[in-house]
$ cat model_20.txt   # compact mmCIF, C-alpha atoms
# COMPACT_ATOMS: atom_id res chain seq x y z
CA MET O 1 0.00 0.00 0.00
CA GLY O 2 1.52 3.32 -1.11
CA LEU O 3 1.98 6.40 1.00
CA SER O 4 -0.61 9.16 0.87
CA ASP O 5 0.33 12.56 -0.52
CA ASN O 6 0.28 14.07 2.97
CA SER O 7 2.63 11.36 4.25
CA LYS O 8 5.06 12.04 1.40
CA GLY O 9 4.88 15.76 2.19
CA VAL O 10 5.61 15.16 5.88
CA ILE O 11 8.58 12.90 5.11
CA LEU O 12 10.02 15.44 2.69
CA ALA O 13 9.46 18.32 5.11
CA VAL O 14 11.16 16.48 7.99
CA ALA O 15 14.08 15.53 5.72
CA SER O 16 14.29 19.14 4.58
CA SER O 17 14.52 20.37 8.18
CA ALA O 18 17.28 17.86 8.94
CA PHE O 19 19.32 18.97 5.92
CA ILE O 20 18.81 22.69 6.52
CA GLY O 21 19.55 22.42 10.24
CA SER O 22 22.76 20.49 9.48
CA SER O 23 23.79 23.00 6.82
CA PHE O 24 23.98 25.79 9.41
CA ILE O 25 26.57 23.82 11.37
CA LEU O 26 28.62 22.76 8.33
CA LYS O 27 28.73 26.32 7.04
CA LYS O 28 29.61 27.64 10.49
CA LYS O 29 32.56 25.23 10.77
CA GLY O 30 33.63 26.15 7.25
CA LEU O 31 33.48 29.85 8.09
CA LYS O 32 35.57 29.26 11.22
CA ARG O 33 38.24 27.44 9.24
CA ALA O 34 38.26 30.12 6.54
CA GLY O 35 38.47 32.87 9.16
CA ALA O 36 41.51 31.21 10.74
CA SER O 37 43.48 31.46 7.50
CA GLY O 38 42.05 34.60 5.93
CA THR O 39 39.61 37.48 6.27
CA ARG O 40 36.43 36.58 8.14
CA ALA O 41 33.09 36.81 6.34
CA GLY O 42 31.81 39.01 9.17
CA VAL O 43 34.19 41.78 8.11
CA GLY O 44 33.77 41.40 4.37
CA GLY O 45 36.02 38.44 3.53
CA TYR O 46 35.18 35.75 0.97
CA THR O 47 37.87 33.15 1.71
CA TYR O 48 35.09 30.78 2.78
CA LEU O 49 34.44 30.19 -0.94
CA LEU O 50 37.65 28.12 -0.96
CA GLU O 51 36.60 26.03 2.06
CA PRO O 52 35.17 22.56 1.12
CA LEU O 53 33.25 22.31 4.38
CA TRP O 54 31.37 25.52 3.58
CA TRP O 55 30.42 24.13 0.18
CA ALA O 56 29.26 20.92 1.85
CA GLY O 57 26.95 23.05 3.98
CA MET O 58 25.75 24.95 0.91
CA ILE O 59 24.97 21.73 -0.97
CA THR O 60 23.19 20.37 2.10
CA MET O 61 21.09 23.53 2.31
CA ILE O 62 20.18 23.33 -1.39
CA ILE O 63 19.08 19.72 -0.97
CA GLY O 64 16.96 20.76 2.00
CA GLU O 65 15.37 23.64 0.11
CA VAL O 66 14.57 21.41 -2.88
CA ALA O 67 12.99 18.82 -0.56
CA ASN O 68 10.96 21.58 1.08
CA PHE O 69 9.81 22.88 -2.32
CA VAL O 70 8.70 19.40 -3.43
CA ALA O 71 6.92 18.87 -0.09
CA TYR O 72 4.55 21.70 -0.95
CA VAL O 73 3.54 19.76 -4.07
CA TYR O 74 2.24 16.85 -1.99
CA ALA O 75 0.96 18.51 1.19
CA PRO O 76 -0.71 21.84 2.09
CA ALA O 77 1.38 24.71 3.41
CA VAL O 78 -0.35 24.53 6.81
CA LEU O 79 1.14 21.06 7.24
CA VAL O 80 4.59 21.65 5.73
CA THR O 81 5.58 25.12 6.98
CA PRO O 82 5.43 24.43 10.75
CA LEU O 83 7.75 21.45 10.28
CA GLY O 84 10.44 23.93 9.24
CA ALA O 85 10.83 24.68 12.96
CA LEU O 86 12.49 21.27 13.32
CA SER O 87 15.59 22.75 11.65
CA ILE O 88 15.99 24.95 14.74
CA ILE O 89 16.13 21.92 17.02
CA VAL O 90 18.54 20.12 14.67
CA SER O 91 20.97 23.04 14.44
CA ALA O 92 20.82 23.75 18.19
CA CYS O 93 21.58 20.12 19.05
CA LEU O 94 24.41 19.86 16.52
CA ALA O 95 25.86 23.20 17.65
CA HIS O 96 25.88 21.93 21.23
CA PHE O 97 27.91 18.83 20.36
CA MET O 98 29.96 19.93 17.34
CA LEU O 99 30.61 23.63 17.97
CA LYS O 100 30.48 23.54 21.77
CA GLU O 101 28.03 26.44 21.70
CA ARG O 102 26.14 26.13 24.97
CA ILE O 103 22.53 27.18 25.27
CA GLN O 104 21.51 28.58 28.62
CA LYS O 105 18.28 27.42 30.26
CA MET O 106 16.50 30.66 29.40
CA GLY O 107 17.79 30.28 25.85
CA ILE O 108 15.98 26.94 25.66
CA VAL O 109 12.81 28.67 26.86
CA GLY O 110 13.26 31.31 24.17
CA CYS O 111 13.80 28.66 21.51
CA VAL O 112 10.63 26.83 22.54
CA SER O 113 8.71 30.12 22.54
CA CYS O 114 9.89 30.86 19.02
CA ILE O 115 8.81 27.44 17.80
CA VAL O 116 5.42 27.57 19.52
CA GLY O 117 4.73 31.11 18.34
CA SER O 118 5.74 30.32 14.77
CA VAL O 119 3.55 27.22 14.69
CA VAL O 120 0.58 29.23 15.98
CA ILE O 121 1.12 31.89 13.31
CA VAL O 122 1.39 29.37 10.50
CA ILE O 123 -1.59 27.28 11.60
CA HIS O 124 -3.84 30.34 11.77
CA ALA O 125 -2.36 32.07 8.72
CA PRO O 126 -4.90 32.81 5.97
CA GLN O 127 -5.17 30.47 3.03
CA GLU O 128 -3.77 32.15 -0.07
CA HIS O 129 -5.23 31.90 -3.56
CA THR O 130 -2.98 29.92 -5.87
CA PRO O 131 -2.39 31.79 -9.15
CA ILE O 132 -2.82 29.83 -12.36
CA SER O 133 -0.45 31.84 -14.55
CA VAL O 134 2.56 34.14 -14.43
CA GLN O 135 0.40 36.99 -15.69
CA GLU O 136 -1.90 36.62 -12.70
CA ILE O 137 1.05 36.82 -10.32
CA TRP O 138 2.29 39.89 -12.18
CA THR O 139 -1.11 41.53 -11.69
CA LEU O 140 -0.95 40.77 -7.96
CA ALA O 141 2.65 41.98 -7.72
CA THR O 142 1.85 45.33 -9.33
CA GLN O 143 -1.13 46.21 -7.16
CA PRO O 144 -0.53 49.40 -5.11
CA ALA O 145 -0.55 47.72 -1.68
CA PHE O 146 2.20 45.26 -2.61
CA LEU O 147 4.23 47.91 -4.43
CA ILE O 148 4.21 49.92 -1.18
CA TYR O 149 5.40 46.82 0.69
CA VAL O 150 8.22 46.28 -1.83
CA ALA O 151 9.28 49.94 -1.63
CA THR O 152 9.24 49.83 2.17
CA THR O 153 11.20 46.58 2.25
CA LEU O 154 13.89 47.87 -0.11
CA SER O 155 14.15 51.13 1.84
CA ILE O 156 14.67 49.27 5.12
CA VAL O 157 17.24 46.98 3.51
CA LEU O 158 19.17 49.97 2.16
CA ALA O 159 19.09 51.63 5.59
CA LEU O 160 20.33 48.43 7.24
CA VAL O 161 23.13 47.98 4.70
CA LEU O 162 24.32 51.57 4.49
CA TYR O 163 23.79 52.87 8.03
CA PHE O 164 23.20 50.13 10.60
CA GLU O 165 25.56 47.42 9.33
CA PRO O 166 28.78 49.47 9.66
CA ARG O 167 27.79 50.58 13.17
CA TYR O 168 25.88 47.65 14.71
CA GLY O 169 26.39 44.67 12.38
CA GLN O 170 28.97 43.02 14.66
CA THR O 171 26.93 43.46 17.84
CA ASN O 172 23.25 43.18 16.87
CA ILE O 173 22.08 39.96 15.23
CA LEU O 174 18.92 41.62 13.91
CA VAL O 175 20.88 43.69 11.37
CA TYR O 176 22.19 40.80 9.27
CA LEU O 177 19.14 38.62 9.74
CA GLY O 178 16.81 41.54 9.06
CA ILE O 179 18.37 41.92 5.62
CA CYS O 180 18.12 38.16 5.00
CA SER O 181 14.48 37.97 6.07
CA LEU O 182 13.29 41.06 4.23
CA MET O 183 14.88 39.91 1.00
CA GLY O 184 13.57 36.41 1.69
CA SER O 185 9.98 37.60 1.69
CA LEU O 186 10.52 38.90 -1.85
CA THR O 187 12.29 35.69 -2.80
CA VAL O 188 9.21 33.63 -1.91
CA VAL O 189 7.02 35.61 -4.30
CA SER O 190 9.54 35.27 -7.12
CA ILE O 191 10.14 31.57 -6.51
CA LYS O 192 6.38 30.94 -6.50
CA ALA O 193 6.10 32.64 -9.88
CA ILE O 194 9.00 30.61 -11.25
CA GLY O 195 7.49 27.39 -9.89
CA ILE O 196 4.17 28.11 -11.58
CA ALA O 197 5.98 28.92 -14.84
CA ILE O 198 7.91 25.64 -14.71
CA LYS O 199 4.79 23.62 -13.89
CA LEU O 200 2.77 25.22 -16.71
CA THR O 201 5.63 24.76 -19.15
CA LEU O 202 5.91 21.06 -18.28
CA ASP O 203 2.17 20.76 -18.78
CA GLY O 204 2.54 22.07 -22.32
CA ILE O 205 1.69 25.74 -21.70
CA SER O 206 5.04 27.46 -22.23
CA GLN O 207 5.78 30.49 -20.07
CA ILE O 208 9.30 31.06 -21.38
CA ALA O 209 8.30 33.76 -23.84
CA TYR O 210 6.73 35.95 -21.15
CA PRO O 211 9.10 38.70 -19.86
CA GLN O 212 7.49 38.40 -16.41
CA THR O 213 9.03 34.94 -16.05
CA TRP O 214 12.54 36.27 -16.62
CA PHE O 215 11.89 39.27 -14.39
CA PHE O 216 10.91 37.02 -11.48
CA LEU O 217 13.94 34.82 -12.17
CA THR O 218 16.23 37.86 -12.01
CA VAL O 219 14.64 39.13 -8.79
CA ALA O 220 14.91 35.68 -7.21
CA SER O 221 18.60 35.41 -8.13
CA ILE O 222 19.46 38.82 -6.66
CA CYS O 223 17.50 38.14 -3.47
CA VAL O 224 19.01 34.68 -2.95
CA ILE O 225 22.58 35.96 -3.42
CA THR O 226 21.92 38.79 -0.95
CA GLN O 227 20.40 36.38 1.57
CA LEU O 228 23.35 33.98 1.39
CA ASN O 229 25.89 36.80 1.75
CA TYR O 230 24.36 38.23 4.91
CA LEU O 231 23.47 34.83 6.33
CA ASN O 232 27.16 33.93 6.09
CA LYS O 233 28.04 37.13 7.94
CA ALA O 234 25.50 36.31 10.67
CA LEU O 235 26.81 32.76 11.08
CA ASP O 236 30.40 33.98 11.20
CA THR O 237 29.64 36.61 13.82
CA PHE O 238 27.03 35.07 16.12
CA ASN O 239 26.21 31.79 17.81
CA ALA O 240 24.70 29.29 15.32
CA ALA O 241 22.16 28.13 17.92
CA ILE O 242 20.84 31.72 18.00
CA VAL O 243 21.06 32.52 14.29
CA SER O 244 18.92 29.56 13.23
CA PRO O 245 15.77 30.22 15.34
CA VAL O 246 15.85 34.02 14.97
CA TYR O 247 16.25 33.72 11.21
CA TYR O 248 13.41 31.20 11.04
CA VAL O 249 11.09 33.41 13.07
CA MET O 250 11.81 36.60 11.13
CA PHE O 251 11.68 34.92 7.73
CA THR O 252 8.40 33.13 8.51
CA THR O 253 6.79 36.27 9.92
CA LEU O 254 7.75 38.53 7.01
CA THR O 255 6.79 35.88 4.47
CA ILE O 256 3.31 35.63 5.97
CA ILE O 257 2.98 39.44 5.96
CA ALA O 258 4.05 39.63 2.31
CA SER O 259 1.63 36.85 1.39
CA VAL O 260 -1.26 38.53 3.21
CA ILE O 261 -0.62 41.85 1.47
CA MET O 262 -0.14 40.40 -1.97
CA PHE O 263 -2.96 37.87 -2.00
CA LYS O 264 -5.39 39.88 0.18
CA ASP O 265 -6.26 36.93 2.39
CA TRP O 266 -7.16 39.01 5.46
CA SER O 267 -10.72 39.42 4.13
CA GLY O 268 -11.39 35.73 4.74
CA GLN O 269 -10.11 35.72 8.32
CA ASN O 270 -12.40 35.53 11.32
CA VAL O 271 -11.77 37.25 14.65
CA SER O 272 -10.58 34.05 16.31
CA SER O 273 -7.89 33.42 13.69
CA ILE O 274 -6.66 37.02 13.79
CA ALA O 275 -6.46 36.94 17.60
CA SER O 276 -4.52 33.68 17.44
CA GLU O 277 -2.06 35.21 14.98
CA ILE O 278 -1.53 38.22 17.25
CA CYS O 279 -0.83 35.90 20.19
CA GLY O 280 1.59 33.99 18.01
CA PHE O 281 3.44 37.19 17.07
CA ILE O 282 3.72 38.17 20.75
CA THR O 283 5.07 34.72 21.63
CA VAL O 284 7.60 34.89 18.80
CA LEU O 285 8.70 38.37 19.82
CA SER O 286 9.17 37.27 23.43
CA GLY O 287 11.18 34.24 22.40
CA THR O 288 13.39 36.30 20.10
CA ILE O 289 14.14 38.80 22.88
CA ILE O 290 15.00 35.98 25.31
CA LEU O 291 17.29 34.29 22.78
CA HIS O 292 19.05 37.54 21.95
CA ALA O 293 19.46 38.50 25.62
CA THR O 294 20.86 35.11 26.70
CA ARG O 295 23.15 34.40 23.75
CA GLU O 296 26.59 33.16 24.64
CA GLN O 297 29.08 36.00 24.92
CA GLU O 298 32.76 35.71 24.08
CA PRO O 299 34.91 36.31 27.20
CA PRO O 300 36.51 39.76 26.88
CA PRO O 301 40.29 39.96 26.97
CA PRO O 302 41.81 41.23 30.22
CA VAL O 303 42.41 44.97 30.22
CA GLY O 304 45.31 46.69 31.96
CA THR O 305 47.29 43.59 32.97
CA VAL O 306 51.04 44.27 33.16
CA THR O 307 53.63 41.79 34.35
CA TRP O 308 57.34 42.36 35.22
CA TYR O 309 60.07 39.79 35.74
CA VAL O 310 62.29 41.08 38.56
CA SER O 311 65.72 39.50 39.04
CA SER O 312 69.38 40.39 38.85
CA ASP O 313 70.07 37.14 37.00
CA SER O 314 68.93 37.58 33.42
CA MET O 315 69.50 33.89 32.63
CA LYS O 316 66.72 32.64 34.94
CA SER O 317 63.56 31.23 33.45
CA PRO O 318 60.22 33.04 33.97
CA GLU O 319 59.15 30.34 36.42
CA ASP O 320 62.00 31.30 38.73
CA GLU O 321 61.26 35.01 38.73
CA HIS O 322 59.35 37.14 41.21
CA LEU O 323 56.18 38.38 39.50
CA ILE O 324 54.48 41.73 40.00
CA THR O 325 51.05 42.02 38.37
CA LEU O 326 48.80 45.04 38.12
CA ARG O 327 45.13 44.32 37.39
CA SER O 328 43.69 47.83 37.43
CA SER O 329 43.08 49.56 34.12
CA GLU O 330 44.26 52.80 35.74
CA TYR O 331 47.85 51.71 35.12
CA TYR O 332 47.30 50.90 31.46
CA GLU O 333 47.41 53.31 28.60
CA PRO O 334 46.61 51.95 25.11

$ encode --input "model_20.txt" --output "structure tokens"
Amino acid sequence: MGLSDNSKGVILAVASSAFIGSSFILKKKGLKRAGASGTRAGVGGYTYLLEPLWWAGMITMIIGEVANFVAYVYAPAVLVTPLGALSIIVSACLAHFMLKERIQKMGIVGCVSCIVGSVVIVIHAPQEHTPISVQEIWTLATQPAFLIYVATTLSIVLALVLYFEPRYGQTNILVYLGICSLMGSLTVVSIKAIGIAIKLTLDGISQIAYPQTWFFLTVASICVITQLNYLNKALDTFNAAIVSPVYYVMFTTLTIIASVIMFKDWSGQNVSSIASEICGFITVLSGTIILHATREQEPPPPVGTVTWYVSSDSMKSPEDEHLITLRSSEYYEP
């Protein structure tokens, strides 16, 4: 007896989460190795492109994304999307054992809150109308409400890149992941258009001649490259066990917002569903704040420590000397 479509979708979604969660760790280890021998990605370096382990993580992520895409063919989004939260658990567990990145108890609470809140949002998210052609998606994408969303998104991304990244990129995880998530919400729209074009073309209704198809392909390529660039910077700068859940939460939230604006699904929502979504957003926000506040900090180097070796015999080893140590920063001038 064969598997049902929903069962196939669940299996693919779970496999996708395992691959994507593992890819975070592989890429993180690759970035660490590349940073040890060259310029770190967090400060603009690209030596990670020569690191095989980083490419292994990239290939693993691509496999996971393909599995996730195919899962939507067999099962509804309400079933598949919440399973993406499993990638958070996978990456956190692997980071604990492979990267020695400890999660504090409150960090675990924050992670659980993010997962619960995201699941609530997705379950109660409005059902979107599935377009039947690239032209229909183009009509939806050029409606005033969505054009305002696109303009706002691009403005925020430019502000983050030009102003906030140079000042706060190395200390605030929301800068890099904000860029990734905002661009990701536009990627979803473009990828959906490309998927419909491919499906229609395979069914004998070619969409290749339409300029909208190539426009969406170009937008998707630019957005994906931008996402990968800033995701690498986030992974190189911050704890992988924190990057994964925060990125998932922000990406899922902004994708739902973009979908609601573009496909106008709020009109079909009842009060109960809207209230549930608001509660989910509050839960996600709380979890994100907890995760960010309890992330593992690198121990700062000691400041103002000066040591003298005092002896009349210059041939003695340091172990034989009398040591005088000053710990106060008042005696240290950089």

$ residues_around --input "model_20.txt" --residues "O:Phe215" --least-positions-apart "3" --cutoff "12 Å" --atoms "all atoms listed in the file" --output "count of residues only"
21

$ residues_around --input "model_20.txt" --residues "O:Leu285" --least-positions-apart "5" --cutoff "9 Å" --atoms "only C-alpha atoms" --output "PyMOL selection string"
chain O and resi 113-114+117+249+280+290

$ closest_residue --input "model_20.txt" --among "O:Ser16, O:Gln207, O:Thr237, O:Thr142" --to "O:Thr171" --atoms "all atoms listed in the file"
O:Thr237

$ residues_around --input "model_20.txt" --residues "O:Ile59" --least-positions-apart "2" --cutoff "12 Å" --atoms "only C-alpha atoms" --output "list in words"
Phe19, Ile20, Ser22, Ser23, Phe24, Leu26, Lys27, Pro52, Leu53, Trp54, Trp55, Ala56, Gly57, Met61, Ile62, Ile63, Gly64, Glu65 and Val66 of chain O

$ atom_distance --input "model_20.txt" --atom1 "atom CA of O:Glu277" --atom2 "atom CA of O:Val119"
9.8 Å

$ residues_around --input "model_20.txt" --residues "O:Ala258" --least-positions-apart "4" --cutoff "8 Å" --atoms "only C-alpha atoms" --output "PDB file with C-alpha atoms, keeping the file's coordinate frame"
ATOM      1  CA  PHE O 146       2.200  45.260  -2.610  1.00  0.00           C
ATOM      2  CA  TYR O 149       5.400  46.820   0.690  1.00  0.00           C
ATOM      3  CA  SER O 185       9.980  37.600   1.690  1.00  0.00           C
ATOM      4  CA  LEU O 186      10.520  38.900  -1.850  1.00  0.00           C
ATOM      5  CA  LEU O 254       7.750  38.530   7.010  1.00  0.00           C
ATOM      6  CA  MET O 262      -0.140  40.400  -1.970  1.00  0.00           C
TER       7      MET O 262
END

$ closest_residue --input "model_20.txt" --among "O:Gln170, O:Asn68, O:Ser87, O:Ser259" --to "O:Ala234" --atoms "all atoms listed in the file"
O:Gln170

$ closest_residue --input "model_20.txt" --among "O:Gly35, O:Met106, O:Ile256, O:His124" --to "O:Gly268" --atoms "only C-alpha atoms"
O:His124

$ residues_around --input "model_20.txt" --residues "O:Leu83" --least-positions-apart "3" --cutoff "7 Å" --atoms "only C-alpha atoms" --output "PDB file with C-alpha atoms, in the coordinates of the input"
ATOM      1  CA  ALA O  13       9.460  18.320   5.110  1.00  0.00           C
ATOM      2  CA  VAL O  14      11.160  16.480   7.990  1.00  0.00           C
ATOM      3  CA  VAL O  80       4.590  21.650   5.730  1.00  0.00           C
ATOM      4  CA  LEU O  86      12.490  21.270  13.320  1.00  0.00           C
TER       5      LEU O  86
END

$ closest_residue --input "model_20.txt" --among "O:Tyr163, O:Tyr168, O:Phe281, O:Tyr46" --to "O:Thr253" --atoms "all atoms listed in the file"
O:Phe281

$ decode --input "model_20.txt" --residues "stretch 135-155 of chain O" --atoms "N, CA, C and O atoms" --output "mmCIF file, in the first residue's frame"
data_model
loop_
_atom_site.group_PDB
_atom_site.id
_atom_site.type_symbol
_atom_site.label_atom_id
_atom_site.label_comp_id
_atom_site.auth_asym_id
_atom_site.auth_seq_id
_atom_site.Cartn_x
_atom_site.Cartn_y
_atom_site.Cartn_z
ATOM 1 N N GLN O 135 1.059 35.693 -15.520
ATOM 2 C CA GLN O 135 0.400 36.989 -15.691
ATOM 3 C C GLN O 135 -0.447 37.344 -14.484
ATOM 4 O O GLN O 135 -0.518 38.517 -14.089
ATOM 5 N N GLU O 136 -1.085 36.347 -13.881
ATOM 6 C CA GLU O 136 -1.898 36.620 -12.696
ATOM 7 C C GLU O 136 -1.021 37.050 -11.525
ATOM 8 O O GLU O 136 -1.385 37.964 -10.770
ATOM 9 N N ILE O 137 0.124 36.416 -11.383
ATOM 10 C CA ILE O 137 1.050 36.816 -10.315
ATOM 11 C C ILE O 137 1.563 38.232 -10.578
ATOM 12 O O ILE O 137 1.726 39.031 -9.651
ATOM 13 N N TRP O 138 1.813 38.546 -11.849
ATOM 14 C CA TRP O 138 2.285 39.894 -12.180
ATOM 15 C C TRP O 138 1.236 40.941 -11.817
ATOM 16 O O TRP O 138 1.568 42.017 -11.312
ATOM 17 N N THR O 139 -0.031 40.614 -12.052
ATOM 18 C CA THR O 139 -1.112 41.529 -11.686
ATOM 19 C C THR O 139 -1.147 41.742 -10.179
ATOM 20 O O THR O 139 -1.316 42.871 -9.697
ATOM 21 N N LEU O 140 -0.971 40.668 -9.415
ATOM 22 C CA LEU O 140 -0.952 40.774 -7.956
ATOM 23 C C LEU O 140 0.275 41.541 -7.472
ATOM 24 O O LEU O 140 0.207 42.308 -6.505
ATOM 25 N N ALA O 141 1.405 41.338 -8.145
ATOM 26 C CA ALA O 141 2.650 41.979 -7.715
ATOM 27 C C ALA O 141 2.680 43.464 -8.018
ATOM 28 O O ALA O 141 3.462 44.208 -7.406
ATOM 29 N N THR O 142 1.856 43.907 -8.958
ATOM 30 C CA THR O 142 1.854 45.333 -9.328
ATOM 31 C C THR O 142 0.684 46.097 -8.734
ATOM 32 O O THR O 142 0.458 47.259 -9.103
ATOM 33 N N GLN O 143 -0.056 45.489 -7.834
ATOM 34 C CA GLN O 143 -1.125 46.215 -7.157
ATOM 35 C C GLN O 143 -0.510 47.205 -6.168
ATOM 36 O O GLN O 143 0.583 46.961 -5.629
ATOM 37 N N PRO O 144 -1.132 48.341 -5.936
ATOM 38 C CA PRO O 144 -0.534 49.403 -5.108
ATOM 39 C C PRO O 144 -0.087 48.937 -3.720
ATOM 40 O O PRO O 144 0.999 49.326 -3.261
ATOM 41 N N ALA O 145 -0.894 48.131 -3.044
ATOM 42 C CA ALA O 145 -0.550 47.715 -1.681
ATOM 43 C C ALA O 145 0.773 46.959 -1.656
ATOM 44 O O ALA O 145 1.629 47.198 -0.785
ATOM 45 N N PHE O 146 0.957 46.043 -2.612
ATOM 46 C CA PHE O 146 2.195 45.258 -2.608
ATOM 47 C C PHE O 146 3.378 46.088 -3.081
ATOM 48 O O PHE O 146 4.508 45.887 -2.627
ATOM 49 N N LEU O 147 3.137 47.026 -3.999
ATOM 50 C CA LEU O 147 4.226 47.906 -4.425
ATOM 51 C C LEU O 147 4.725 48.747 -3.254
ATOM 52 O O LEU O 147 5.926 49.007 -3.132
ATOM 53 N N ILE O 148 3.813 49.174 -2.386
ATOM 54 C CA ILE O 148 4.209 49.921 -1.180
ATOM 55 C C ILE O 148 5.049 49.033 -0.271
ATOM 56 O O ILE O 148 6.062 49.462 0.300
ATOM 57 N N TYR O 149 4.624 47.761 -0.139
ATOM 58 C CA TYR O 149 5.401 46.817 0.689
ATOM 59 C C TYR O 149 6.811 46.630 0.119
ATOM 60 O O TYR O 149 7.801 46.640 0.869
ATOM 61 N N VAL O 150 6.911 46.469 -1.198
ATOM 62 C CA VAL O 150 8.215 46.284 -1.832
ATOM 63 C C VAL O 150 9.090 47.518 -1.625
ATOM 64 O O VAL O 150 10.276 47.399 -1.274
ATOM 65 N N ALA O 151 8.520 48.705 -1.812
ATOM 66 C CA ALA O 151 9.278 49.938 -1.631
ATOM 67 C C ALA O 151 9.750 50.090 -0.188
ATOM 68 O O ALA O 151 10.895 50.473 0.074
ATOM 69 N N THR O 152 8.866 49.754 0.753
ATOM 70 C CA THR O 152 9.236 49.830 2.174
ATOM 71 C C THR O 152 10.339 48.833 2.506
ATOM 72 O O THR O 152 11.302 49.158 3.216
ATOM 73 N N THR O 153 10.199 47.616 1.991
ATOM 74 C CA THR O 153 11.198 46.582 2.247
ATOM 75 C C THR O 153 12.568 46.983 1.719
ATOM 76 O O THR O 153 13.584 46.875 2.428
ATOM 77 N N LEU O 154 12.612 47.467 0.481
ATOM 78 C CA LEU O 154 13.890 47.867 -0.112
ATOM 79 C C LEU O 154 14.490 49.063 0.615
ATOM 80 O O LEU O 154 15.721 49.160 0.772
ATOM 81 N N SER O 155 13.652 49.965 1.092
ATOM 82 C CA SER O 155 14.148 51.128 1.844
ATOM 83 C C SER O 155 14.786 50.689 3.160
ATOM 84 O O SER O 155 15.855 51.182 3.535
#
